[in-house]
Amino acid sequence: MSEHTPRLSPRDWASHPPSLSPGYASSVLRSPTQPLIPIATSLAELAQPVYGHEMIGALDHDLTRNAVRNGAPLGERIIVAGRVLDDSHRPVPHTLVEVWQANAAGRYIHRIDQHDAPLDPNFLGAGRTLTDAQGRYRLLTIKPGAYPWGNHPNAWRPQHIHFSLLGAHFGSRLVTQMYFPGDPLLALDPIYNSAPAEARARMVAQFSIDLTEEGFALGYVFDIVLRGAQATPMETSR
Amino acid sequence: MRQTPSQTVGPYFAYGLVPAQYGYELSSLWGSEIAEARTPGEPIMLMGRVFDGSGEAVFDALIEIQQADAQGRHLHSLEQSRLTGFRGFGRMGTGTRDDRCFVFRTIKPGASADGHAPHLDVILTLRGLLNHLYTRIYFEEDAAQQALDPVLAQVPQARRATLMARRDECGIHRFDIHLQGPAETVFFDV
């Protein structure tokens with residue numbers, strides 16, 4: 001490792017769910033049973049894949065327009081914006097933010113989703129953008145609906161948007177979900193509640209009247225915190 | 001600041017993360033072709049499946065692979081990528097084929113300058129997994145270089161075989177991931 005290689009902060013396991021979370025039935029046969037093996041080398045600090053602005057389409061950030069066929073998608077138009085930061089409070093600039101979600105009726109366009117709710121011919125539900133130099137991103141979309149799932153009797157997922165981030169390093173990858181404030185289903189959802197109690201609120205967006213645009217759309221702020229290079233450089237071991 | 005908690009990728013990631021691969025009307029940023037035919041190096045095909053604790057092949061996993069080029073160097077710019085056809089990163093879901101295999105076309109990476117044997121770094125996400133998993137694919141034929149590899153050195157000998165791709169009779173490198181069971185793949189806290 002070169003003396004200039006940054007050390008990434010560790011995964012803060014007190015902030016993340018345990019892999020086995022029996023209330024979430026699918027985790028039982030799909031989570032590893034052996035402890036993870038720590039790697040004391042620079043693997044986490046490996047740079048993320050190379051991409052650039054030219055790979056992102058002009059409407060990729062606007063889910064209300066990126067799949068229209070004959071009109072606007074149905075549902076409540078919303079703005080979702082925020083910052084991607086690292087755990088030393090530094091912005092993560094020019095980083096990829098990918099999202100996917102159900103439509104306003106709670107139906108995913110994915111062909112394995114069999115929920116009896118209508119598809120919207122003008123809504124795909126997928127988008128992506130890059131953060132700017134200050135780590136800010138902004139998406140336009142339709143507020144997703146709640147939908148039933150088979151985890152337990154009368155199970156419903158709270159309204160949510162899936163987020164995928166690469167961050168600046170191999171070790172800063174994050175896949176998460178953004179939830180909406182005041183959703184009564186949050187208290188009942190085994191996926192949301194798989195995260196430690198003190199950490200859950202970090203996945204809930206905040207309504208913002210400042211972000212809300214008059215006559216157009218409500219605004220929700222969702223900041224995302226990734227692992228980053230540690231603030232204090234570590235001595236290089238020899 | 002505290003990290004945002006991880007959540008599962010869920011069953012419906014395909015149209016968000018690998019849309020073109022699944023036939024949705026959105027381009028993919030990355031697919032299963034990590035290197036083109038013109039990319040310098042030894043072309044390889046990597047195939048495998050992801051098995052859950054009941055031994056069933058998983059149809060909704062996403063495999064991401066990051067790797068060095070044939071000289072053991074990571075990609076530094078899009079310009080370099082355009083010149084060589086090497087992308088350095090690929091994604092494939094296991095829901096596109098009836099046999100639930102993932103298939104990557106790439107080149108065999110070179111050993112890195114700091115002593116790592118040729119390898120592919122893997123990020124695995126799937127429904128049911130609340131935190132993504134990191135693992136590594138080495139190549140069975142590189143035993144001499146692996147003896148000096150600093151990551152393998154941290155893996156108990158008895159479990160190292162779970163990190164080895166094996167070349168079959170047709171020259172395809174096979175690598176299965178087992179989430180549980182006696183052959184449970186080694187996953188790393190990176």
# chains A, B, ... in the order shown; residues from 1 in each chain; ligands from 1
call {"tool": "closest_atom_pairs", "arguments": {"of": "chain A", "to": "chain B", "cutoff": "6 Å", "atoms": "only C-alpha atoms", "output": "tab-separated table"}}
result
residue	atom	partner	partner_atom	distance
A:Ser15	CA	B:Pro5	CA	5.4
A:His16	CA	B:Pro5	CA	4.6
A:Ser19	CA	B:Leu130	CA	5.5
A:Ser26	CA	B:Gly128	CA	4.3
A:Ser27	CA	B:Gly128	CA	4.2
A:Leu29	CA	B:Gly53	CA	4.6
A:Arg30	CA	B:Asp52	CA	5.3
A:Ser31	CA	B:Leu129	CA	5.9
A:Pro32	CA	B:Leu179	CA	5.1
A:Leu36	CA	B:Phe188	CA	4.9
A:Ile37	CA	B:Phe188	CA	4.6
A:Pro38	CA	B:Asp189	CA	4.5
A:Ile39	CA	B:Val190	CA	5.6
A:Ala44	CA	B:Val190	CA	5.3
A:Pro49	CA	B:Phe89	CA	6.0
A:Asp87	CA	B:Met1	CA	4.7
A:Trp100	CA	B:Gly16	CA	5.1
A:His110	CA	B:Tyr12	CA	5.9
A:Ala126	CA	B:Gly16	CA	4.9
A:Val175	CA	B:Ser6	CA	5.7
A:Thr176	CA	B:Gln7	CA	4.3
A:Arg202	CA	B:Thr4	CA	5.9
A:Ile224	CA	B:Thr4	CA	5.9
A:Val225	CA	B:Gln3	CA	4.8
A:Leu226	CA	B:Gln3	CA	5.6
call {"tool": "write_last_selection", "arguments": {"atoms": "C-alpha atoms", "output": "compact mmCIF listing (two decimals), in the first residue's frame"}}
result
# COMPACT_ATOMS: atom_id res chain seq x y z
CA SER A 15 -25.81 1.19 11.79
CA HIS A 16 -26.59 -1.79 9.56
CA SER A 19 -27.63 -10.34 7.92
CA SER A 26 -36.13 -14.42 2.94
CA SER A 27 -33.05 -13.70 5.04
CA LEU A 29 -31.89 -19.17 3.78
CA ARG A 30 -30.04 -16.33 2.08
CA SER A 31 -27.69 -14.92 4.70
CA PRO A 32 -24.25 -16.41 5.30
CA LEU A 36 -17.15 -12.41 7.45
CA ILE A 37 -13.37 -12.60 7.18
CA PRO A 38 -11.79 -9.21 7.76
CA ILE A 39 -9.31 -8.11 5.11
CA ALA A 44 -11.82 -1.34 0.52
CA PRO A 49 -15.60 1.85 -11.56
CA ASP A 87 -19.01 9.69 7.52
CA TRP A 100 -36.05 2.21 -8.76
CA HIS A 110 -40.78 -5.96 -13.20
CA ALA A 126 -36.15 3.69 -12.76
CA VAL A 175 -27.85 -0.43 -1.36
CA THR A 176 -30.66 1.01 0.71
CA ARG A 202 -31.71 7.88 8.72
CA ILE A 224 -27.12 9.53 2.35
CA VAL A 225 -23.99 8.81 4.36
CA LEU A 226 -21.40 6.39 2.99
call {"tool": "select_by_dssp", "arguments": {"residues": "chain B", "states": "alpha helix (DSSP H)", "output": "list in words"}}
result
Ala14, Tyr15, Gly16, Leu17, Leu78, Glu79, Gln80, Ser81, Arg82, Leu83, Thr84, Ala143, Ala144, Gln145 and Gln146 of chain B
call {"tool": "select_by_dssp", "arguments": {"residues": "chain A", "states": "strand (DSSP E or B)", "output": "MDAnalysis selection string"}}
result
chainID A and resid 8 37:38 47 62 77:86 91 96:101 126:130 136:142 147:149 155:157 160:165 169 174:179 204 206:213 217:221 224:226 229
call {"tool": "write_last_selection", "arguments": {"atoms": "C-alpha atoms", "output": "PDB file, in the first residue's frame"}}
result
ATOM      1  CA  LEU A   8     -11.630   3.757   4.549  1.00  0.00           C
ATOM      2  CA  ILE A  37     -13.373 -12.603   7.176  1.00  0.00           C
ATOM      3  CA  PRO A  38     -11.791  -9.205   7.756  1.00  0.00           C
ATOM      4  CA  ALA A  47     -11.326   3.079  -6.636  1.00  0.00           C
ATOM      5  CA  ASP A  62     -36.685  12.595 -14.141  1.00  0.00           C
ATOM      6  CA  ARG A  77     -45.357  14.234  -8.444  1.00  0.00           C
ATOM      7  CA  ILE A  78     -42.531  14.680  -5.925  1.00  0.00           C
ATOM      8  CA  ILE A  79     -39.002  16.048  -5.778  1.00  0.00           C
ATOM      9  CA  VAL A  80     -36.421  13.937  -3.958  1.00  0.00           C
ATOM     10  CA  ALA A  81     -33.128  15.683  -3.343  1.00  0.00           C
ATOM     11  CA  GLY A  82     -30.295  15.647  -0.896  1.00  0.00           C
ATOM     12  CA  ARG A  83     -26.603  15.188  -0.479  1.00  0.00           C
ATOM     13  CA  VAL A  84     -24.328  12.175  -0.571  1.00  0.00           C
ATOM     14  CA  LEU A  85     -21.772  12.540   2.212  1.00  0.00           C
ATOM     15  CA  ASP A  86     -19.142  10.381   3.814  1.00  0.00           C
ATOM     16  CA  PRO A  91     -19.557  15.597   0.217  1.00  0.00           C
ATOM     17  CA  LEU A  96     -23.692   7.743  -9.206  1.00  0.00           C
ATOM     18  CA  VAL A  97     -27.152   7.557  -7.616  1.00  0.00           C
ATOM     19  CA  GLU A  98     -29.446   4.876  -9.076  1.00  0.00           C
ATOM     20  CA  VAL A  99     -33.096   4.481  -8.035  1.00  0.00           C
ATOM     21  CA  TRP A 100     -36.046   2.209  -8.765  1.00  0.00           C
ATOM     22  CA  GLN A 101     -39.518   2.035  -7.309  1.00  0.00           C
ATOM     23  CA  ALA A 126     -36.145   3.686 -12.762  1.00  0.00           C
ATOM     24  CA  GLY A 127     -33.739   6.597 -12.850  1.00  0.00           C
ATOM     25  CA  ARG A 128     -30.231   7.741 -12.093  1.00  0.00           C
ATOM     26  CA  THR A 129     -28.137  10.832 -11.732  1.00  0.00           C
ATOM     27  CA  LEU A 130     -24.717  12.003 -10.622  1.00  0.00           C
ATOM     28  CA  ARG A 136     -25.959  17.185  -4.216  1.00  0.00           C
ATOM     29  CA  TYR A 137     -28.466  15.231  -6.277  1.00  0.00           C
ATOM     30  CA  ARG A 138     -32.030  15.899  -7.366  1.00  0.00           C
ATOM     31  CA  LEU A 139     -34.648  13.531  -8.751  1.00  0.00           C
ATOM     32  CA  LEU A 140     -38.207  14.024  -9.949  1.00  0.00           C
ATOM     33  CA  THR A 141     -40.596  11.145  -9.572  1.00  0.00           C
ATOM     34  CA  ILE A 142     -44.070   9.932  -8.613  1.00  0.00           C
ATOM     35  CA  TYR A 147     -47.948  -2.878  -1.897  1.00  0.00           C
ATOM     36  CA  PRO A 148     -48.626  -6.295  -0.371  1.00  0.00           C
ATOM     37  CA  TRP A 149     -45.986  -9.001  -0.130  1.00  0.00           C
ATOM     38  CA  ALA A 155     -47.950  -7.844   4.993  1.00  0.00           C
ATOM     39  CA  TRP A 156     -47.522  -4.499   3.190  1.00  0.00           C
ATOM     40  CA  ARG A 157     -44.324  -2.710   2.327  1.00  0.00           C
ATOM     41  CA  HIS A 160     -40.231   3.426  -0.502  1.00  0.00           C
ATOM     42  CA  ILE A 161     -37.681   4.160  -3.204  1.00  0.00           C
ATOM     43  CA  HIS A 162     -34.706   1.835  -3.692  1.00  0.00           C
ATOM     44  CA  PHE A 163     -31.319   3.575  -3.817  1.00  0.00           C
ATOM     45  CA  SER A 164     -28.011   2.155  -5.058  1.00  0.00           C
ATOM     46  CA  LEU A 165     -24.732   4.029  -4.571  1.00  0.00           C
ATOM     47  CA  HIS A 169     -14.363   3.344  -3.185  1.00  0.00           C
ATOM     48  CA  LEU A 174     -24.482   1.009  -0.411  1.00  0.00           C
ATOM     49  CA  VAL A 175     -27.849  -0.426  -1.363  1.00  0.00           C
ATOM     50  CA  THR A 176     -30.664   1.009   0.713  1.00  0.00           C
ATOM     51  CA  GLN A 177     -34.266   2.167   0.672  1.00  0.00           C
ATOM     52  CA  MET A 178     -35.728   5.619   1.268  1.00  0.00           C
ATOM     53  CA  TYR A 179     -38.950   5.793   3.233  1.00  0.00           C
ATOM     54  CA  VAL A 204     -36.697   8.304   6.306  1.00  0.00           C
ATOM     55  CA  GLN A 206     -37.851  14.700   5.513  1.00  0.00           C
ATOM     56  CA  PHE A 207     -40.608  16.776   3.987  1.00  0.00           C
ATOM     57  CA  SER A 208     -39.254  20.212   3.049  1.00  0.00           C
ATOM     58  CA  ILE A 209     -41.357  23.235   2.210  1.00  0.00           C
ATOM     59  CA  ASP A 210     -38.188  24.892   0.898  1.00  0.00           C
ATOM     60  CA  LEU A 211     -37.652  22.125  -1.622  1.00  0.00           C
ATOM     61  CA  THR A 212     -41.351  22.065  -2.490  1.00  0.00           C
ATOM     62  CA  GLU A 213     -42.095  23.934  -5.719  1.00  0.00           C
ATOM     63  CA  ALA A 217     -44.505  19.138  -6.482  1.00  0.00           C
ATOM     64  CA  LEU A 218     -43.815  18.409  -2.811  1.00  0.00           C
ATOM     65  CA  GLY A 219     -40.159  18.120  -1.846  1.00  0.00           C
ATOM     66  CA  TYR A 220     -38.470  15.447   0.242  1.00  0.00           C
ATOM     67  CA  VAL A 221     -34.882  15.681   1.459  1.00  0.00           C
ATOM     68  CA  ILE A 224     -27.125   9.533   2.351  1.00  0.00           C
ATOM     69  CA  VAL A 225     -23.989   8.813   4.363  1.00  0.00           C
ATOM     70  CA  LEU A 226     -21.399   6.388   2.986  1.00  0.00           C
ATOM     71  CA  ALA A 229     -11.626   7.974   3.897  1.00  0.00           C
TER      72      ALA A 229
END
call {"tool": "atom_distance", "arguments": {"atom1": "CA of Thr106 (chain B)", "atom2": "CA of His94 (chain A)"}}
result
26.8 Å
call {"tool": "residues_around", "arguments": {"residues": "Ala111 (chain B)", "least_positions_apart": "3", "cutoff": "10 Å", "atoms": "only C-alpha atoms", "output": "JSON, numbers by chain"}}
result
{"B": [68, 69, 70, 71, 72, 73, 108, 114, 115, 116, 117, 118, 119, 142, 145, 146, 149]}
call {"tool": "closest_residue", "arguments": {"among": "A:Pro153, A:Pro93, A:Pro6, A:Pro181", "to": "Ser42 (chain A)", "atoms": "only C-alpha atoms"}}
result
A:Pro6
call {"tool": "atom_distance", "arguments": {"atom1": "CA of Pro73 (chain A)", "atom2": "CA of Leu124 (chain A)"}}
result
9.2 Å
call {"tool": "residues_around", "arguments": {"residues": "Ile63 (chain B)", "least_positions_apart": "4", "cutoff": "6 Å", "atoms": "only C-alpha atoms", "output": "JSON, numbers by chain"}}
result
{"B": [91, 92, 124]}
call {"tool": "residues_around", "arguments": {"residues": "Phe86 (chain B)", "least_positions_apart": "4", "cutoff": "7 Å", "atoms": "only C-alpha atoms", "output": "PyMOL selection string"}}
result
chain B and resi 34-36+39+81
call {"tool": "closest_residue", "arguments": {"among": "B:Arg174, B:Thr96, B:Leu120, B:Phe102", "to": "Leu43 (chain A)", "atoms": "only C-alpha atoms"}}
result
B:Leu120
call {"tool": "atom_distance", "arguments": {"atom1": "CA of Pro121 (chain A)", "atom2": "CA of Ala146 (chain A)"}}
result
18.9 Å
